[in-house]
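Next up, run-v2.cif (mmCIF, C-alpha atoms):
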```cif
data_protein
#
loop_
_atom_site.label_atom_id
_atom_site.label_comp_id
_atom_site.auth_asym_id
_atom_site.auth_seq_id
_atom_site.Cartn_x
_atom_site.Cartn_y
_atom_site.Cartn_z
CA MET A 1 85.99 86.76 136.38
CA ALA A 2 85.38 89.31 139.10
CA THR A 3 82.43 91.48 140.15
CA ARG A 4 81.98 95.06 141.33
CA GLY A 5 78.88 96.64 142.80
CA PRO A 6 76.06 96.95 143.33
CA ASN A 7 76.35 100.68 142.62
CA GLN A 8 73.28 102.85 142.90
CA SER A 9 72.38 105.38 140.21
CA GLY A 10 73.07 109.06 140.82
CA THR A 11 70.74 110.46 138.13
CA VAL A 12 67.58 109.48 136.31
CA ALA A 13 65.72 111.19 133.47
CA GLU A 14 62.55 110.35 131.59
CA PHE A 15 62.81 109.74 127.86
CA ASP A 16 59.37 110.67 126.53
CA ASP A 17 58.48 108.45 123.61
CA GLY A 18 54.73 108.93 123.79
CA TRP A 19 53.83 106.13 126.18
CA SER A 20 52.67 106.51 129.78
CA PRO A 21 54.52 109.43 131.43
CA TRP A 22 56.35 109.35 134.75
CA THR A 23 55.62 111.63 137.70
CA ASN A 24 58.50 112.60 140.02
CA ASP A 25 61.08 110.62 138.05
CA ALA A 26 63.88 112.06 140.25
CA ASN A 27 62.46 109.96 143.11
CA ALA A 28 63.79 106.81 141.38
CA ILE A 29 67.38 107.49 142.46
CA THR A 30 67.66 106.71 146.17
CA PHE A 31 66.21 103.69 147.94
CA ASP A 32 64.02 105.71 150.32
CA GLN A 33 60.37 104.79 149.60
CA ALA A 34 59.89 108.03 147.59
CA TYR A 35 58.77 106.88 144.15
CA ALA A 36 58.63 107.80 140.51
CA THR A 37 55.18 106.66 139.36
CA THR A 38 53.38 105.92 136.12
CA PRO A 39 49.85 104.67 135.47
CA LEU A 40 49.82 101.51 133.37
CA ASP A 41 46.80 99.90 131.76
CA SER A 42 46.32 97.08 129.33
CA GLY A 43 46.41 97.81 125.62
CA GLU A 44 48.20 100.85 124.23
CA THR A 45 48.99 102.39 127.63
CA ALA A 46 50.51 99.19 129.02
CA LEU A 47 54.01 100.58 128.40
CA SER A 48 55.78 103.33 130.32
CA ASN A 49 58.02 106.00 128.88
CA TYR A 50 61.67 105.03 129.30
CA LEU A 51 63.75 105.94 132.34
CA ASP A 52 67.46 106.58 131.77
CA TRP A 53 69.64 105.87 134.82
CA THR A 54 73.28 107.04 134.77
CA THR A 55 76.07 108.16 137.13
CA PHE A 56 76.62 104.85 138.89
CA GLY A 57 79.89 106.03 140.43
CA THR A 58 83.20 104.29 140.04
CA PHE A 59 83.40 100.56 139.76
CA ALA A 60 86.72 100.45 141.67
CA GLY A 61 89.12 97.83 140.41
CA ILE A 62 87.81 97.62 136.85
CA GLY A 63 90.66 98.79 134.63
CA ALA A 64 90.33 100.61 131.32
CA GLY A 65 91.27 97.47 129.39
CA ASP A 66 89.09 95.06 131.36
CA THR A 67 86.13 93.52 129.50
CA VAL A 68 82.68 93.75 131.09
CA THR A 69 80.83 90.51 130.41
CA HIS A 70 77.64 90.87 132.45
CA VAL A 71 75.52 93.80 133.64
CA GLU A 72 73.09 92.81 136.41
CA ILE A 73 70.44 95.51 136.74
CA GLU A 74 68.15 95.67 139.76
CA TRP A 75 65.16 97.92 140.34
CA ALA A 76 63.27 98.51 143.60
CA GLY A 77 59.57 99.04 143.11
CA LYS A 78 55.98 97.90 143.54
CA THR A 79 52.54 98.10 141.92
CA SER A 80 49.33 99.50 143.36
CA GLY A 81 46.87 97.03 141.90
CA GLY A 82 48.62 93.83 142.87
CA ASN A 83 48.99 92.99 139.19
CA ASP A 84 52.39 92.24 137.78
CA CYS A 85 54.71 94.68 136.00
CA SER A 86 58.19 94.02 134.70
CA ALA A 87 61.07 95.64 132.86
CA THR A 88 60.28 94.81 129.27
CA SER A 89 62.93 96.69 127.34
CA VAL A 90 66.50 97.44 128.40
CA GLN A 91 69.33 99.22 126.56
CA LEU A 92 72.82 100.25 127.65
CA ILE A 93 73.90 103.89 127.66
CA VAL A 94 77.60 104.54 126.95
CA GLY A 95 79.00 108.04 126.66
CA GLY A 96 75.49 109.42 127.13
CA VAL A 97 74.26 107.60 123.99
CA VAL A 98 72.03 104.52 123.79
CA VAL A 99 74.11 101.72 122.20
CA GLY A 100 73.55 98.24 120.94
CA THR A 101 70.27 96.43 120.62
CA GLU A 102 67.16 96.91 122.72
CA THR A 103 66.90 93.72 124.76
CA THR A 104 63.64 92.23 126.00
CA LEU A 105 63.92 90.69 129.44
CA SER A 106 61.65 88.02 130.84
CA ILE A 107 62.40 88.55 134.50
CA ALA A 108 60.68 88.57 137.86
CA GLU A 109 57.80 91.00 138.13
CA PHE A 110 56.88 93.70 140.62
CA THR A 111 53.91 92.99 142.85
CA GLY A 112 52.05 95.00 145.50
CA THR A 113 54.98 94.75 147.95
CA GLU A 114 58.16 96.72 147.34
CA SER A 115 61.04 94.50 146.33
CA TYR A 116 64.06 94.43 144.05
CA ILE A 117 63.70 92.63 140.75
CA SER A 118 66.81 91.66 138.85
CA SER A 119 67.89 91.11 135.27
CA GLY A 120 69.94 88.23 136.69
CA ALA A 121 71.56 86.07 134.02
CA LYS A 122 69.74 88.01 131.29
CA GLY A 123 72.20 90.92 131.44
CA VAL A 124 74.96 89.35 129.36
CA VAL A 125 76.63 92.22 127.47
CA GLY A 126 76.50 90.27 124.20
CA ASP A 127 72.68 90.25 124.45
CA PHE A 128 72.85 94.02 123.86
CA ALA A 129 74.89 93.46 120.65
CA THR A 130 77.68 95.68 121.89
CA THR A 131 80.95 95.44 123.80
CA LEU A 132 81.83 97.21 127.03
CA ASN A 133 85.18 97.83 128.70
CA GLY A 134 86.35 99.62 131.82
CA SER A 135 87.21 102.85 130.00
CA GLN A 136 83.52 103.31 129.15
CA LEU A 137 82.34 103.26 132.78
CA THR A 138 82.11 107.03 133.16
CA SER A 139 79.34 109.15 134.64
CA THR A 140 77.51 108.82 131.32
CA PHE A 141 77.32 104.99 131.54
CA GLY A 142 73.91 103.63 132.40
CA VAL A 143 70.72 101.86 131.37
CA ARG A 144 67.49 102.84 129.61
CA VAL A 145 64.44 100.87 130.74
CA GLN A 146 60.80 100.63 129.74
CA PHE A 147 58.26 98.86 131.95
CA LYS A 148 55.12 96.97 130.99
CA SER A 149 51.96 95.99 132.83
CA VAL A 150 50.72 92.45 132.39
CA GLY A 151 47.39 93.11 134.09
CA ALA A 152 44.64 95.68 134.51
CA LEU A 153 44.99 99.37 135.41
CA GLU A 154 47.53 100.04 138.14
CA THR A 155 50.29 102.42 139.14
CA LEU A 156 53.90 101.30 138.92
CA SER A 157 56.17 102.89 141.55
CA ILE A 158 59.95 102.75 141.09
CA ASP A 159 62.22 103.62 144.02
CA ALA A 160 65.80 102.99 142.83
CA CYS A 161 68.10 101.28 140.34
CA ARG A 162 71.48 99.64 140.95
CA ILE A 163 74.01 97.78 138.81
CA THR A 164 76.55 95.02 139.47
CA LEU A 165 79.19 94.35 136.80
CA THR A 166 81.06 91.12 136.10
CA TYR A 167 84.28 91.54 134.18
CA THR A 168 87.36 89.76 132.92
CA PRO A 169 90.62 91.52 133.81
CA SER A 170 92.89 92.26 130.87
CA ALA A 171 96.06 90.25 130.66
CA SER A 172 98.86 92.07 132.46
CA PRO A 173 101.97 92.51 130.37
CA ALA A 174 105.02 90.65 131.59
CA THR A 175 107.44 92.79 133.55
CA PHE A 176 111.17 92.33 133.51
CA SER A 177 113.87 93.65 135.79
CA PRO A 178 116.90 95.20 134.13
CA VAL A 179 119.96 93.00 133.99
CA THR A 180 123.28 94.52 134.95
CA THR A 181 126.71 93.23 134.14
CA ALA A 182 128.28 94.55 137.32
CA GLY A 183 130.03 91.85 139.26
CA PHE A 184 130.41 89.43 136.36
CA GLY A 185 134.17 89.67 136.06
CA GLY A 186 134.21 92.23 133.32
CA GLY A 187 136.35 94.50 135.43
#
```
Mind turning this structure into structure tokens?
Amino acid sequence: MATRGPNQSGTVAEFDDGWSPWTNDANAITFDQAYATTPLDSGETALSNYLDWTTFGTFAGIGAGDTVTHVEIEWAGKTSGGNDCSATSVQLIVGGVVVGTETTLSIAEFTGTESYISSGAKGVVGDFATTLNGSQLTSTFGVRVQFKSVGALETLSIDACRITLTYTPSASPATFSPVTTAGFGGG
């Protein structure tokens, strides 16, 4: 097993599914204290619209035939009300298309102070009911995330997203040197 990253996202886009909308979603690309924000409340508006992060750059060293076994996703963010918010739904994006199963993560929560929260051990590729190999790590590889408030009205502010991949290198085929008969007395 080997790891590559963390690589920071190069693009983000809101997927509007009728929940709480994002403002300035393009601010959730670079770790710079400029934020994408969404108001979250309890009840029906406790969920945000999804954010789709892609263009994580090259994960140098991961070959086309290598198998990705773990996707650790980290988000930098904070809340305004001091109540907790977390990433509640995560899906992988491969080739620009959401694949596999939507996975619910029970992970650390954002608080009133900006920090990174991580999917940690919860990002096992099998949890998404899909497979992932090095040839799929193009500019259209990424993650779709929905956030949830676990408290009263507050604003969730997201600053950036980054990914670290753990992978198993493919078995290298055996290589052989050509054998020559020169010098073996055959004249």
Item checked: Residues matched by the PyMOL selection byres ((chain A and resi 151-162) around 8) as an MDAnalysis selection string -> chainID A and resid 6:9 27:42 53 56 73:85 149:150 163:164
Next item on the list: Pull out every residue that the PyMOL selection byres ((chain A and resi 58-68) around 8) matches in the shown coordinates and put them as a ChimeraX atom specification.
Entry: /A:4-5,7,56-57,69-71,125,131-138,165-170
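Within 8 Å of A:Thr101, once all atoms listed in the file are used and residues closer than 3 positions along the same chain are dropped, the contacting residues are Gln91, Asp127, Phe128, Ala129 and Thr130 of chain A.
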Keeping only C-alpha atoms, write those residues as an mmCIF file, in the frame of the given file.
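Once everything was written out, this is again21.cif:
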```
data_model
loop_
_atom_site.group_PDB
_atom_site.id
_atom_site.type_symbol
_atom_site.label_atom_id
_atom_site.label_comp_id
_atom_site.auth_asym_id
_atom_site.auth_seq_id
_atom_site.Cartn_x
_atom_site.Cartn_y
_atom_site.Cartn_z
ATOM 1 C CA GLN A 91 69.330 99.220 126.560
ATOM 2 C CA ASP A 127 72.680 90.250 124.450
ATOM 3 C CA PHE A 128 72.850 94.020 123.860
ATOM 4 C CA ALA A 129 74.890 93.460 120.650
ATOM 5 C CA THR A 130 77.680 95.680 121.890
#
```
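Between A:Thr54 and the candidates A:Ala87, A:Ala171, A:Ile117, A:Ala13, the tightest atom-to-atom separation, counting only C-alpha atoms, involves A:Ala13.
Interatomic distance, atom CA of A:Asp25 to atom CA of A:Glu114: 17.0 Å.
One finds atom CA of A:Tyr116 at 25.3 Å from atom CA of A:Gly100.
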Next item on the list: Would you translate the PyMOL selection byres ((chain A and resi 142-145) around 6) into the concrete set of residues it matches in this file, as a list in words?
Entry: Tyr50, Leu51, Asp52, Trp53, Thr54, Ser89, Val90, Gln91, Leu92, Ile93, Phe141 and Gln146 of chain A
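Taking atom CA of A:Thr11 and atom CA of A:Ala46 as the two end points, the separation is 24.9 Å.
Of the residues under consideration (A:Ser119, A:Thr140, A:Trp22, A:Gly10), A:Thr140 shows the shortest atom-to-atom contact distance to A:Gly96 when counting all atoms listed in the file.
Using all atoms listed in the file, the contacts of A:Thr88 at a cut-off of 7 Å, with sequence neighbours closer than 3 positions omitted, comprise Thr104, Leu105, Gln146, Phe147 and Lys148 of chain A.
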